[in-house]
file query.cif (mmCIF, C-alpha atoms and all ligand atoms)
data_final
#
loop_
_atom_site.label_atom_id
_atom_site.label_comp_id
_atom_site.auth_asym_id
_atom_site.auth_seq_id
_atom_site.Cartn_x
_atom_site.Cartn_y
_atom_site.Cartn_z
CA MET A 1 8.11 24.34 30.13
CA ALA A 2 9.80 21.97 27.67
CA ARG A 3 9.18 18.29 28.32
CA GLU A 4 12.29 16.36 29.30
CA ARG A 5 11.41 13.12 27.54
CA GLN A 6 9.47 12.05 24.50
CA THR A 7 6.55 9.64 24.64
CA ALA A 8 6.00 6.68 22.33
CA LEU A 9 2.51 5.17 22.05
CA ILE A 10 2.75 1.53 20.96
CA THR A 11 -0.24 -0.60 19.95
CA GLY A 12 0.02 -4.35 20.44
CA ALA A 13 2.65 -3.95 23.16
CA SER A 14 1.59 -6.99 25.21
CA GLY A 15 3.58 -9.43 23.08
CA GLY A 16 5.75 -10.04 20.02
CA ILE A 17 7.21 -7.19 18.00
CA GLY A 18 5.29 -4.48 19.89
CA HIS A 19 6.60 -5.72 23.25
CA GLU A 20 10.20 -5.65 21.97
CA LEU A 21 9.72 -2.23 20.41
CA ALA A 22 8.52 -0.96 23.79
CA LEU A 23 11.70 -2.29 25.43
CA VAL A 24 13.93 -0.67 22.80
CA PHE A 25 12.16 2.71 23.10
CA ALA A 26 12.47 2.50 26.90
CA GLU A 27 16.19 1.64 26.66
CA HIS A 28 16.58 4.87 24.68
CA GLY A 29 14.79 6.92 27.33
CA PHE A 30 11.31 7.29 25.83
CA ASP A 31 8.28 7.34 28.09
CA LEU A 32 5.67 4.82 26.98
CA ALA A 33 1.93 4.57 26.44
CA LEU A 34 1.20 0.88 26.07
CA VAL A 35 -1.92 -0.38 24.30
CA ALA A 36 -3.34 -3.93 23.92
CA ARG A 37 -6.14 -6.00 25.46
CA ARG A 38 -4.08 -8.03 27.99
CA GLN A 39 -3.72 -5.56 30.85
CA ALA A 40 -1.65 -7.88 33.09
CA GLU A 41 1.07 -8.27 30.41
CA LEU A 42 1.13 -4.51 29.85
CA GLU A 43 1.45 -3.85 33.61
CA VAL A 44 4.44 -6.22 33.88
CA LEU A 45 6.12 -4.53 30.90
CA ALA A 46 5.40 -1.04 32.25
CA GLU A 47 6.82 -1.91 35.67
CA HIS A 48 9.95 -3.41 34.07
CA CYS A 49 10.51 -0.25 31.98
CA ARG A 50 10.01 2.08 34.97
CA ARG A 51 12.33 0.04 37.19
CA ASP A 52 15.11 -0.84 34.74
CA HIS A 53 15.09 2.19 32.45
CA GLY A 54 13.68 4.95 34.68
CA VAL A 55 11.05 5.98 32.14
CA GLY A 56 7.36 6.72 32.63
CA ALA A 57 4.93 4.08 31.38
CA ASP A 58 1.13 4.40 31.11
CA VAL A 59 -0.98 1.32 30.52
CA LEU A 60 -3.96 1.96 28.25
CA ALA A 61 -5.54 -1.49 28.08
CA MET A 62 -8.28 -1.70 25.48
CA ASP A 63 -9.70 -3.68 22.58
CA LEU A 64 -8.85 -1.75 19.43
CA LEU A 65 -11.67 -3.58 17.65
CA ALA A 66 -14.34 -2.15 19.98
CA PRO A 67 -16.63 0.45 18.40
CA ASP A 68 -14.88 3.85 18.07
CA ALA A 69 -11.73 2.43 19.75
CA PRO A 70 -9.31 4.92 18.10
CA GLY A 71 -11.43 7.86 19.30
CA LEU A 72 -11.65 6.44 22.82
CA LEU A 73 -7.90 5.77 22.90
CA VAL A 74 -7.07 9.35 21.95
CA GLN A 75 -9.56 10.56 24.57
CA ARG A 76 -7.70 8.51 27.21
CA VAL A 77 -4.37 9.91 25.96
CA GLU A 78 -5.72 13.45 26.43
CA GLU A 79 -7.22 12.68 29.86
CA ALA A 80 -3.80 11.38 30.98
CA ASP A 81 -2.24 14.62 29.59
CA LEU A 82 0.11 12.63 27.36
CA HIS A 83 1.76 14.23 24.33
CA ILE A 84 2.54 11.57 21.77
CA ASP A 85 5.83 12.15 19.95
CA VAL A 86 6.03 8.68 18.42
CA LEU A 87 3.07 6.59 17.25
CA VAL A 88 3.84 2.92 16.65
CA ASN A 89 0.97 1.24 14.78
CA ASN A 90 1.94 -2.36 15.42
CA ALA A 91 -1.19 -4.31 16.48
CA GLY A 92 -2.27 -6.61 13.67
CA LEU A 93 -4.04 -9.86 12.78
CA LEU A 94 -3.16 -12.61 10.31
CA ASP A 95 -5.36 -15.36 8.90
CA MET A 96 -3.88 -17.99 6.60
CA GLY A 97 -5.94 -20.08 4.18
CA ARG A 98 -8.20 -19.81 1.16
CA PHE A 99 -10.00 -16.45 1.18
CA ALA A 100 -13.42 -17.99 0.47
CA GLU A 101 -13.10 -20.45 3.35
CA ILE A 102 -12.14 -18.04 6.13
CA ASP A 103 -15.04 -16.71 8.18
CA VAL A 104 -16.23 -13.32 6.95
CA THR A 105 -16.14 -11.78 10.42
CA ARG A 106 -12.45 -12.72 10.69
CA HIS A 107 -11.83 -10.89 7.41
CA GLU A 108 -13.68 -7.85 8.72
CA ARG A 109 -11.71 -7.84 11.98
CA LEU A 110 -8.39 -8.11 10.13
CA LEU A 111 -9.24 -5.19 7.84
CA GLN A 112 -10.49 -3.12 10.77
CA LEU A 113 -7.33 -3.62 12.87
CA ASN A 114 -4.64 -3.69 10.15
CA VAL A 115 -6.10 -0.88 8.03
CA VAL A 116 -8.90 1.19 9.59
CA VAL A 117 -7.54 1.50 13.15
CA LEU A 118 -4.02 2.24 11.86
CA ALA A 119 -5.24 5.01 9.54
CA SER A 120 -7.62 6.43 12.13
CA LEU A 121 -4.99 6.64 14.90
CA THR A 122 -2.56 8.24 12.47
CA ARG A 123 -5.14 10.86 11.44
CA ARG A 124 -6.04 11.61 15.06
CA LEU A 125 -2.48 11.97 16.41
CA LEU A 126 -0.71 13.51 13.40
CA PRO A 127 -1.99 17.14 13.56
CA ALA A 128 -0.48 17.72 17.03
CA MET A 129 2.86 16.40 15.77
CA ILE A 130 2.72 18.76 12.79
CA ASP A 131 1.86 21.68 15.13
CA ARG A 132 4.86 20.83 17.34
CA GLY A 133 7.11 20.52 14.26
CA HIS A 134 8.29 17.10 15.38
CA GLY A 135 7.02 13.55 15.38
CA ARG A 136 7.64 9.99 14.28
CA ILE A 137 5.17 7.39 13.02
CA LEU A 138 6.24 3.76 12.72
CA ASN A 139 3.75 1.55 10.87
CA VAL A 140 4.35 -2.19 10.99
CA ALA A 141 3.85 -3.58 7.48
CA SER A 142 5.47 -6.84 6.26
CA THR A 143 7.54 -8.33 3.44
CA SER A 144 4.12 -9.45 2.15
CA SER A 145 3.51 -5.75 1.40
CA PHE A 146 5.68 -6.09 -1.72
CA GLN A 147 3.75 -8.78 -3.64
CA PRO A 148 0.45 -10.66 -3.66
CA VAL A 149 0.50 -13.73 -1.41
CA PRO A 150 -2.11 -16.39 -2.25
CA SER A 151 -3.10 -18.08 1.06
CA LEU A 152 -2.55 -14.75 2.82
CA ALA A 153 -4.60 -12.73 0.32
CA LEU A 154 -6.29 -10.28 2.67
CA TYR A 155 -3.35 -10.04 5.08
CA ALA A 156 -0.90 -9.24 2.23
CA ALA A 157 -3.34 -6.72 0.76
CA SER A 158 -3.71 -5.04 4.17
CA LYS A 159 0.08 -4.82 4.49
CA ALA A 160 0.37 -3.44 0.92
CA PHE A 161 -2.01 -0.72 2.14
CA VAL A 162 0.25 -0.01 5.14
CA LEU A 163 3.33 0.32 2.93
CA SER A 164 1.65 2.50 0.30
CA PHE A 165 -0.05 4.69 2.93
CA SER A 166 3.20 5.13 4.87
CA GLU A 167 5.24 6.03 1.78
CA SER A 168 2.62 8.53 0.59
CA LEU A 169 2.48 10.19 4.01
CA SER A 170 6.26 10.30 4.36
CA GLU A 171 6.41 12.37 1.15
CA GLU A 172 3.38 14.52 2.06
CA LEU A 173 5.01 15.41 5.37
CA LYS A 174 8.41 16.46 4.03
CA GLY A 175 9.46 19.69 5.72
CA THR A 176 7.06 19.35 8.67
CA GLY A 177 9.49 17.64 11.06
CA VAL A 178 7.25 14.56 11.11
CA THR A 179 8.45 11.35 9.45
CA VAL A 180 6.68 8.09 8.66
CA THR A 181 8.42 4.72 8.49
CA ALA A 182 7.08 1.41 7.21
CA LEU A 183 8.70 -1.50 9.04
CA CYS A 184 8.48 -4.58 6.79
CA PRO A 185 9.56 -7.69 8.71
CA GLY A 186 9.65 -11.13 7.17
CA VAL A 187 8.55 -14.12 9.22
CA THR A 188 9.43 -13.30 12.84
CA ARG A 189 9.39 -15.62 15.87
CA THR A 190 6.36 -14.35 17.86
CA ASP A 191 3.02 -15.76 19.02
CA MET A 192 1.60 -14.91 15.58
CA TYR A 193 4.30 -17.08 13.99
CA GLU A 194 3.75 -19.93 16.48
CA ARG A 195 -0.03 -19.87 15.96
CA THR A 196 0.33 -19.93 12.16
CA GLN A 197 2.83 -22.79 12.36
CA ASP A 198 0.52 -24.79 14.62
CA GLU A 199 -2.46 -24.31 12.32
CA HIS A 200 -0.71 -24.72 8.91
CA GLU A 201 2.05 -27.19 8.11
CA SER A 202 3.14 -25.09 5.13
CA ALA A 203 4.04 -22.15 7.39
CA ALA A 204 6.70 -24.39 8.95
CA MET A 205 8.34 -24.72 5.52
CA VAL A 206 9.85 -21.20 5.59
CA PRO A 207 13.65 -21.72 5.53
CA GLY A 208 15.31 -20.65 8.79
CA ILE A 209 17.47 -18.07 7.00
CA PHE A 210 14.27 -16.04 6.41
CA VAL A 211 13.02 -16.26 10.01
CA SER A 212 13.95 -13.22 12.12
CA GLU A 213 14.34 -12.87 15.87
CA VAL A 214 11.94 -10.36 17.36
CA GLY A 215 14.67 -8.32 19.10
CA ASP A 216 16.53 -7.78 15.80
CA VAL A 217 13.32 -6.64 14.08
CA ALA A 218 12.55 -4.19 16.88
CA ARG A 219 16.05 -2.70 16.89
CA GLU A 220 16.07 -2.18 13.11
CA GLY A 221 12.57 -0.69 13.30
CA TYR A 222 13.57 1.68 16.09
CA GLU A 223 16.71 2.89 14.27
CA ALA A 224 14.81 3.50 11.03
CA CYS A 225 12.02 5.30 12.89
CA VAL A 226 14.20 7.73 14.82
CA SER A 227 16.34 8.45 11.77
CA GLY A 228 13.21 9.08 9.66
CA ARG A 229 13.74 6.40 6.99
CA ALA A 230 10.68 5.72 4.86
CA VAL A 231 10.98 1.93 4.54
CA VAL A 232 12.99 -0.71 6.39
CA VAL A 233 13.14 -4.46 5.75
CA PRO A 234 14.99 -6.13 8.64
CA GLY A 235 17.54 -8.84 7.81
CA LEU A 236 19.67 -9.18 4.69
CA PRO A 237 17.91 -12.28 3.20
CA ASN A 238 14.51 -10.55 3.46
CA ARG A 239 15.94 -7.32 2.02
CA LEU A 240 17.31 -9.21 -0.99
CA VAL A 241 13.99 -10.96 -1.69
CA ALA A 242 11.99 -7.74 -1.27
CA SER A 243 14.30 -6.00 -3.75
CA ALA A 244 14.28 -8.91 -6.24
CA VAL A 245 10.49 -9.04 -6.23
CA GLN A 246 10.41 -5.44 -7.42
CA LEU A 247 12.78 -6.19 -10.33
CA TYR A 248 10.82 -9.08 -11.87
CA PRO A 249 7.63 -8.68 -13.97
CA ARG A 250 4.45 -8.69 -11.90
CA TRP A 251 2.94 -11.66 -13.79
CA LEU A 252 6.01 -13.76 -12.88
CA VAL A 253 5.95 -12.81 -9.20
CA ARG A 254 2.18 -13.46 -9.09
CA SER A 255 2.54 -16.86 -10.79
CA ILE A 256 5.31 -18.05 -8.47
CA GLY A 257 3.24 -16.87 -5.50
CA GLY A 258 0.28 -18.79 -6.93
CA LEU A 259 2.25 -22.04 -7.21
CA VAL A 260 3.49 -21.78 -3.62
CA GLY A 261 0.16 -20.53 -2.26
CA ARG A 262 -1.96 -23.26 -3.91
CA ARG A 263 0.35 -25.94 -2.53
CA SER A 264 0.15 -24.48 0.96
CA THR A 265 -3.66 -24.39 1.05
N1 LIG A 301 5.36 -12.33 13.33
C1 LIG A 301 5.56 -12.19 12.04
O1 LIG A 301 6.04 -13.12 11.34
C2 LIG A 301 5.27 -10.86 11.37
C3 LIG A 301 5.85 -10.61 10.12
C4 LIG A 301 5.60 -9.40 9.48
C5 LIG A 301 4.77 -8.47 10.08
N2 LIG A 301 4.21 -8.73 11.28
C6 LIG A 301 3.32 -7.71 11.85
O2 LIG A 301 3.86 -7.28 13.07
C7 LIG A 301 2.81 -6.84 13.94
C8 LIG A 301 2.94 -7.54 15.28
O3 LIG A 301 2.88 -8.94 15.03
P1 LIG A 301 3.37 -10.03 16.10
O4 LIG A 301 3.97 -11.13 15.33
O5 LIG A 301 4.13 -9.37 17.19
O6 LIG A 301 1.93 -10.51 16.60
P2 LIG A 301 1.45 -11.10 18.02
O7 LIG A 301 2.57 -11.78 18.69
O8 LIG A 301 0.20 -11.87 17.70
O9 LIG A 301 1.07 -9.78 18.81
C9 LIG A 301 -0.01 -8.98 18.36
C10 LIG A 301 -0.21 -7.84 19.31
O10 LIG A 301 -1.39 -7.12 18.87
C11 LIG A 301 -2.28 -7.02 19.97
N3 LIG A 301 -3.67 -7.06 19.53
C12 LIG A 301 -4.27 -8.02 18.77
N4 LIG A 301 -5.58 -7.76 18.64
C13 LIG A 301 -5.81 -6.61 19.34
C14 LIG A 301 -6.97 -5.85 19.61
N5 LIG A 301 -8.17 -6.21 19.13
N6 LIG A 301 -6.86 -4.74 20.37
C15 LIG A 301 -5.66 -4.38 20.87
N7 LIG A 301 -4.52 -5.04 20.66
C16 LIG A 301 -4.61 -6.16 19.90
C17 LIG A 301 -1.97 -8.23 20.87
O11 LIG A 301 -2.30 -7.95 22.21
P3 LIG A 301 -3.58 -8.51 23.02
O12 LIG A 301 -3.80 -9.93 22.60
O13 LIG A 301 -3.16 -8.33 24.46
O14 LIG A 301 -4.69 -7.59 22.65
C18 LIG A 301 -0.45 -8.30 20.73
O15 LIG A 301 0.14 -7.41 21.63
C19 LIG A 301 1.51 -7.16 13.20
O16 LIG A 301 1.04 -6.01 12.56
C20 LIG A 301 1.94 -8.20 12.19
O17 LIG A 301 1.10 -8.22 11.06
C21 LIG A 301 4.45 -9.91 11.96
#
call {"tool": "encode", "arguments": {"input": "query.cif", "output": "C-alpha cells"}}
result
Amino acid sequence: MARERQTALITGASGGIGHELALVFAEHGFDLALVARRQAELEVLAEHCRRDHGVGADVLAMDLLAPDAPGLLVQRVEEADLHIDVLVNNAGLLDMGRFAEIDVTRHERLLQLNVVVLASLTRRLLPAMIDRGHGRILNVASTSSFQPVPSLALYAASKAFVLSFSESLSEELKGTGVTVTALCPGVTRTDMYERTQDEHESAAMVPGIFVSEVGDVAREGYEACVSGRAVVVPGLPNRLVASAVQLYPRWLVRSIGGLVGRRST
C-alpha cells in the first residue's frame, strides 16, 4: 500500500537551523525522524509537530560522533520501519581560531561530524531512494564553502567538501528521481552563532545585513530542497558576496581573507 506521507530525517534537530527545518517540513505535512544528542529538546519538538501539524515524529536521540553512529542510526531507522524520503544532513561543528592552536581532538571531531558522518549517512540512505525513484537530500554547507577562510580553516574546508560533494552527487543522480541540494547559509542567529560571538570578539564584527534569521534560512532551504535545486544561498546580501567571490581571481580572494582572518585571530 502506498504511504500517505513522506518522512524527513533531520540531523541536529534539537536546535538552530535543524530545529527550524523540522518545523518547516512538519508544516508541509512531512513525518519526521529527529536526530541529535539532547533527547528532551527532540521530544518537545516532536510533540509540538504531532499536536500542531498532525504529522508523525520519531525521536532518535544519539551522539553522531559515537563509534559507527551512522550505521547504528540506519539500524534504528530500519527497526522503526521508517522509509526516509528526505535526508537532511544538518548537524555540524565550528571552531574558530588559529588552526595550530585548536586542540587536535576538536579538529578530528569537526571533520568526523561535518564530513564523514554526512557522507556515510548519504551513502547508507541513498540506494533505497534510488530504488524508489524518488528522494531528496539536503546538505547544510555554508557561504564559507565558496572561499578559504583563515581563522575558520578546517570549518571552511569541511563546508567546501559539502558543497563539492553535493554538486557532484546532484549531477550523478540526474534521471533517478533523487536530488541533492547544498544549503549555504551565511552567519545565522543560532546557538553556534552565539557561542562564536561569546568566544571571539571578531565574530561580532559581521555587519547585520549579512546576519540571517534562522526561520528565513530554513524556509529557503526547504523550498530549494523540494524543488530539487542544486545550490541555495539564503538572503540577497550573502548571494551577492558568494557570486562575487567566484568572479575574482583566487589569489585576491585568498589575500583579502588572509587580511581579515589574521586580524580576527
Ligand atoms: N549558524 C550559522 O551561522 C551557520 C552558518 C552556516 C552554516 N551553518 C551550518 O548549519 C548547521 C547547523 O548549525 P546551527 O547554527 O544550527 O548549529 P547549532 O545551533 O550549534 O546546532 C547544532 C545541532 O547539531 C547537533 N549536534 C552537534 N553535535 C552533535 C553530535 N555529536 N551528535 C548529534 N547531533 C549533534 C546539536 O544537537 P545536540 O547538541 O542536541 O546534539 C544541534 O541540534 C551546521 O552544519 C553549521 O555548520 C551554520
call {"tool": "residues_around", "arguments": {"input": "query.cif", "residues": "range 88-99 of chain A", "least_positions_apart": "2", "cutoff": "7 Å", "atoms": "all atoms listed in the file", "output": "MDAnalysis selection string"}}
result
chainID A and resid 9:12 18 86 101:102 110 113:114 118 137:140 151:153 155 265
call {"tool": "residues_near_ligand", "arguments": {"input": "query.cif", "ligand": "ligand LIG 301 (chain A)", "cutoff": "8 Å", "atoms": "all atoms listed in the file", "output": "PyMOL selection string"}}
result
chain A and resi 11-19+35-39+41-42+61-66+89-94+113-114+140-144+155+159+184-193+211-212+214
call {"tool": "atom_distance", "arguments": {"input": "query.cif", "atom1": "CA of Ala80 in chain A", "atom2": "CA of Ala57 in chain A"}}
result
11.4 Å
call {"tool": "closest_residue", "arguments": {"input": "query.cif", "among": "A:Leu34, A:Leu23, A:Val253, A:Leu121", "to": "His48 in chain A", "atoms": "all atoms listed in the file"}}
result
A:Leu23
call {"tool": "atom_distance", "arguments": {"input": "query.cif", "atom1": "CA of Ser145 in chain A", "atom2": "CA of Ser164 in chain A"}}
result
8.5 Å
call {"tool": "atom_distance", "arguments": {"input": "query.cif", "atom1": "CA of Pro127 in chain A", "atom2": "CA of Thr176 in chain A"}}
result
10.5 Å
call {"tool": "closest_residue", "arguments": {"input": "query.cif", "among": "A:Val24, A:Ser158, A:Gly133, A:Leu125", "to": "Glu220 in chain A", "atoms": "all atoms listed in the file"}}
result
A:Val24
call {"tool": "closest_residue", "arguments": {"input": "query.cif", "among": "A:Gly215, A:Ile209, A:Gly29, A:Leu126", "to": "Leu240 in chain A", "atoms": "all atoms listed in the file"}}
result
A:Ile209
call {"tool": "closest_residue", "arguments": {"input": "query.cif", "among": "A:Pro148, A:Pro234, A:Pro207, A:Pro67", "to": "Gly258 in chain A", "atoms": "all atoms listed in the file"}}
result
A:Pro148
call {"tool": "closest_residue", "arguments": {"input": "query.cif", "among": "A:Glu4, A:Glu223, A:Glu201, A:Asp58", "to": "Leu45 in chain A", "atoms": "all atoms listed in the file"}}
result
A:Asp58
call {"tool": "closest_residue", "arguments": {"input": "query.cif", "among": "A:Val44, A:Cys49, A:Leu82, A:Leu169", "to": "Phe25 in chain A", "atoms": "all atoms listed in the file"}}
result
A:Cys49
call {"tool": "residues_near_point", "arguments": {"input": "query.cif", "point": "(7.0, 9.2, 4.9)", "cutoff": "9 Å", "atoms": "all atoms listed in the file", "output": "PyMOL selection string"}}
result
chain A and resi 137+165-174+178-182+228-231
call {"tool": "build_atoms", "arguments": {"input": "query.cif", "residues": "range 121-152 of chain A", "atoms": "N, CA and C atoms", "output": "short mmCIF file (atom, residue, chain, number, x, y, z; two decimals), in the frame of the given file"}}
result
data_model
loop_
_atom_site.label_atom_id
_atom_site.label_comp_id
_atom_site.auth_asym_id
_atom_site.auth_seq_id
_atom_site.Cartn_x
_atom_site.Cartn_y
_atom_site.Cartn_z
N LEU A 121 -5.90 6.14 13.85
CA LEU A 121 -4.99 6.64 14.90
C LEU A 121 -4.00 7.64 14.32
N THR A 122 -3.51 7.34 13.12
CA THR A 122 -2.56 8.24 12.47
C THR A 122 -3.22 9.61 12.25
N ARG A 123 -4.44 9.59 11.73
CA ARG A 123 -5.14 10.86 11.44
C ARG A 123 -5.41 11.65 12.73
N ARG A 124 -5.69 10.93 13.81
CA ARG A 124 -6.04 11.61 15.06
C ARG A 124 -4.82 12.19 15.78
N LEU A 125 -3.65 11.53 15.65
CA LEU A 125 -2.48 11.97 16.41
C LEU A 125 -1.51 12.83 15.60
N LEU A 126 -1.65 12.79 14.27
CA LEU A 126 -0.71 13.51 13.40
C LEU A 126 -0.77 15.04 13.52
N PRO A 127 -1.97 15.66 13.55
CA PRO A 127 -1.99 17.14 13.56
C PRO A 127 -1.19 17.76 14.70
N ALA A 128 -1.24 17.16 15.90
CA ALA A 128 -0.48 17.72 17.03
C ALA A 128 1.02 17.61 16.77
N MET A 129 1.43 16.54 16.11
CA MET A 129 2.86 16.40 15.77
C MET A 129 3.26 17.49 14.78
N ILE A 130 2.41 17.72 13.79
CA ILE A 130 2.72 18.76 12.79
C ILE A 130 2.79 20.12 13.49
N ASP A 131 1.86 20.39 14.40
CA ASP A 131 1.86 21.68 15.13
C ASP A 131 3.15 21.85 15.93
N ARG A 132 3.62 20.75 16.53
CA ARG A 132 4.86 20.83 17.34
C ARG A 132 6.11 20.86 16.47
N GLY A 133 5.96 20.52 15.17
CA GLY A 133 7.11 20.52 14.26
C GLY A 133 8.02 19.33 14.48
N HIS A 134 7.47 18.30 15.14
CA HIS A 134 8.29 17.10 15.38
C HIS A 134 7.41 15.90 15.67
N GLY A 135 7.75 14.78 15.07
CA GLY A 135 7.02 13.55 15.38
C GLY A 135 7.53 12.41 14.53
N ARG A 136 7.22 11.21 15.00
CA ARG A 136 7.64 9.99 14.28
C ARG A 136 6.46 9.03 14.27
N ILE A 137 6.19 8.43 13.11
CA ILE A 137 5.17 7.39 13.02
C ILE A 137 5.84 6.14 12.46
N LEU A 138 5.66 5.03 13.16
CA LEU A 138 6.24 3.76 12.72
C LEU A 138 5.08 2.79 12.48
N ASN A 139 4.84 2.46 11.22
CA ASN A 139 3.75 1.55 10.87
C ASN A 139 4.32 0.17 10.55
N VAL A 140 3.81 -0.85 11.22
CA VAL A 140 4.35 -2.19 10.99
C VAL A 140 3.62 -2.82 9.80
N ALA A 141 4.36 -2.94 8.70
CA ALA A 141 3.85 -3.58 7.48
C ALA A 141 4.40 -5.00 7.47
N SER A 142 5.00 -5.44 6.36
CA SER A 142 5.47 -6.84 6.26
C SER A 142 6.20 -6.99 4.92
N THR A 143 7.00 -8.06 4.78
CA THR A 143 7.54 -8.33 3.44
C THR A 143 6.40 -8.72 2.49
N SER A 144 5.26 -9.14 3.03
CA SER A 144 4.12 -9.45 2.15
C SER A 144 3.50 -8.19 1.57
N SER A 145 3.99 -7.02 1.99
CA SER A 145 3.51 -5.75 1.40
C SER A 145 3.97 -5.60 -0.05
N PHE A 146 5.04 -6.34 -0.44
CA PHE A 146 5.68 -6.09 -1.72
C PHE A 146 5.10 -6.91 -2.87
N GLN A 147 4.31 -7.95 -2.56
CA GLN A 147 3.75 -8.78 -3.64
C GLN A 147 2.49 -9.47 -3.14
N PRO A 148 1.63 -9.90 -4.10
CA PRO A 148 0.45 -10.66 -3.66
C PRO A 148 0.89 -11.98 -3.06
N VAL A 149 0.15 -12.46 -2.06
CA VAL A 149 0.50 -13.73 -1.41
C VAL A 149 -0.75 -14.61 -1.32
N PRO A 150 -0.98 -15.47 -2.34
CA PRO A 150 -2.11 -16.39 -2.25
C PRO A 150 -1.95 -17.22 -0.97
N SER A 151 -3.00 -17.44 -0.26
CA SER A 151 -3.10 -18.08 1.06
C SER A 151 -3.00 -17.07 2.19
N LEU A 152 -2.52 -15.86 1.86
CA LEU A 152 -2.55 -14.75 2.82
C LEU A 152 -3.12 -13.53 2.10
#
